[in-house]
Amino acid sequence: MSISTELLYQVDSYLKEFEAKVVEVLDKGIVLDRTAFHPRTGGVANDLGTIFVNGRRMDVVDVYIDKEKRSIVHVVEGSLDGIESGVVARGIIDWGRRYRLMRLHTAAHILAAVMYRDYGTLITGGNIEPDHAYDDYSLEKFDRKIFEEAILKANEIAKRGIEIKIYWLKRDEALKVPGVVKLAERMPPEVETLRIVEIPGIDIQADGGPHVKNTIEVGEIVMLKAENRGRNRKRLYYTVKP
């Protein structure tokens, strides 16, 4: 599914403020023609922040994709009376929250690459919140040591300071790249071009979310716990140091 809203965060994950036009006003939310707010998607939590319209400040408390309208909805606190389509809005991202999500998201890609390379596992589930993340892997046998070793290897990679590349490829071309899909039960969306996130020599994935520019920004990845959630669902909880 392609989104009609222009996704500014896909081009520049470090964009903290932006201007856009109001496209539609809903009961509790605003649709803009473009946005730097990341919706809850791909297992990554949504951004929070503030939107200013006509001198009025509104706190953004949720961001989601309206699949019917193919647009991003910014849910705000307070009344939307008097706000009409066509007016200019200014959005400001909660940067502290966003940057934590970016660091954890890149950490997730490094860990997925290690698990795929060394153990042949795919991701069967996952979620990233600002304080911690978890991923489920298609391991047949539960062994905490596998995750401990993966964390050590991922930290060694992060410390190398590898510049991360983001670019777009035609869908057919992208799907020919080995390992570009590391999700066991989900293929990339049916769109003409796919956004590719590449950590050269380590990982390459089709991915639509925000990431840091360099692996050194991830900092130290810390294992929190591991759980056996059943067949093909061996779960690793982790975070990154402040």
# chains A, B, ... in the order shown; residues from 1 in each chain; ligands from 1
$ select_by_dssp --residues "region 53-194 of chain A" --states "strand (DSSP E or B)" --output "PyMOL selection string"
chain A and resi 53+56-66+71-76+88-93+123-128+133-137+163+165-170+183+193-194
$ write_last_selection --atoms "C-alpha atoms" --output "tab-separated table (two decimals), in the first residue's frame"
chain	number	residue	atom	x	y	z
A	53	VAL	CA	-1.93	25.71	13.59
A	56	ARG	CA	-2.76	27.16	18.50
A	57	ARG	CA	-0.58	24.49	20.08
A	58	MET	CA	-1.78	20.88	20.01
A	59	ASP	CA	0.04	17.92	21.52
A	60	VAL	CA	0.29	14.91	19.22
A	61	VAL	CA	-0.67	11.84	21.29
A	62	ASP	CA	-0.80	9.22	18.52
A	63	VAL	CA	0.13	8.80	14.87
A	64	TYR	CA	-1.30	6.04	12.70
A	65	ILE	CA	-1.93	5.02	9.09
A	66	ASP	CA	-5.51	5.29	7.83
A	71	SER	CA	-2.81	8.80	4.76
A	72	ILE	CA	-1.13	9.53	8.09
A	73	VAL	CA	-3.42	10.71	10.88
A	74	HIS	CA	-2.02	12.86	13.71
A	75	VAL	CA	-4.23	12.43	16.77
A	76	VAL	CA	-4.13	15.56	18.93
A	88	VAL	CA	-0.24	25.82	7.15
A	89	ALA	CA	0.78	23.76	10.17
A	90	ARG	CA	4.17	23.48	11.87
A	91	GLY	CA	5.14	20.17	13.43
A	92	ILE	CA	7.81	19.54	16.04
A	93	ILE	CA	8.96	16.01	16.86
A	123	ILE	CA	12.34	-12.66	12.56
A	124	THR	CA	8.85	-13.94	13.44
A	125	GLY	CA	7.73	-10.94	15.47
A	126	GLY	CA	8.98	-7.85	17.23
A	127	ASN	CA	8.29	-4.46	18.73
A	128	ILE	CA	10.31	-1.33	19.43
A	133	ALA	CA	12.67	-3.65	22.16
A	134	TYR	CA	12.12	-7.33	21.56
A	135	ASP	CA	12.43	-9.64	18.57
A	136	ASP	CA	11.19	-13.20	18.07
A	137	TYR	CA	13.42	-15.54	16.10
A	163	GLU	CA	27.90	4.71	7.79
A	165	LYS	CA	23.03	3.93	3.46
A	166	ILE	CA	19.39	4.61	2.59
A	167	TYR	CA	18.16	4.43	-0.99
A	168	TRP	CA	15.31	3.19	-3.18
A	169	LEU	CA	15.22	0.22	-5.56
A	170	LYS	CA	12.62	-1.12	-7.94
A	183	LEU	CA	10.69	-11.28	8.26
A	193	THR	CA	9.92	0.96	-5.32
A	194	LEU	CA	11.20	-0.16	-1.94
$ residues_around --residues "Glu192 (chain A)" --least-positions-apart "2" --cutoff "12 Å" --atoms "only C-alpha atoms" --output "mmCIF file with C-alpha atoms, in the first residue's frame"
data_model
loop_
_atom_site.group_PDB
_atom_site.id
_atom_site.type_symbol
_atom_site.label_atom_id
_atom_site.label_comp_id
_atom_site.auth_asym_id
_atom_site.auth_seq_id
_atom_site.Cartn_x
_atom_site.Cartn_y
_atom_site.Cartn_z
ATOM 1 C CA MET A 1 0.000 0.000 0.000
ATOM 2 C CA SER A 2 1.369 3.378 -1.012
ATOM 3 C CA TRP A 168 15.308 3.189 -3.178
ATOM 4 C CA LEU A 169 15.223 0.216 -5.562
ATOM 5 C CA LYS A 170 12.616 -1.124 -7.943
ATOM 6 C CA ARG A 171 10.690 -3.827 -6.089
ATOM 7 C CA ASP A 172 11.641 -6.671 -8.454
ATOM 8 C CA GLU A 173 15.301 -5.676 -8.296
ATOM 9 C CA ALA A 174 15.272 -5.349 -4.509
ATOM 10 C CA LEU A 175 13.734 -8.774 -3.927
ATOM 11 C CA PRO A 188 7.405 -5.824 1.728
ATOM 12 C CA PRO A 189 4.368 -3.813 0.564
ATOM 13 C CA GLU A 190 3.167 -4.073 -3.027
ATOM 14 C CA LEU A 194 11.205 -0.156 -1.936
ATOM 15 C CA ARG A 195 13.212 1.854 0.563
#
$ closest_residue --among "A:Gly43, A:Pro178, A:Pro242, A:Gly29" --to "Ala108 (chain A)" --atoms "only C-alpha atoms"
A:Gly43
$ closest_residue --among "A:Ala45, A:Leu139, A:Ile196, A:Val177" --to "Tyr119 (chain A)" --atoms "only C-alpha atoms"
A:Leu139
$ atom_distance --atom1 "CA of Ile162 (chain A)" --atom2 "CA of Arg144 (chain A)"
27.7 Å
$ closest_residue --among "A:Asp131, A:Asp203, A:Glu156, A:Asp143" --to "Ala226 (chain A)" --atoms "only C-alpha atoms"
A:Asp143
$ closest_residue --among "A:Pro200, A:Gly219, A:Gly120, A:Gly208" --to "Val11 (chain A)" --atoms "only C-alpha atoms"
A:Gly208
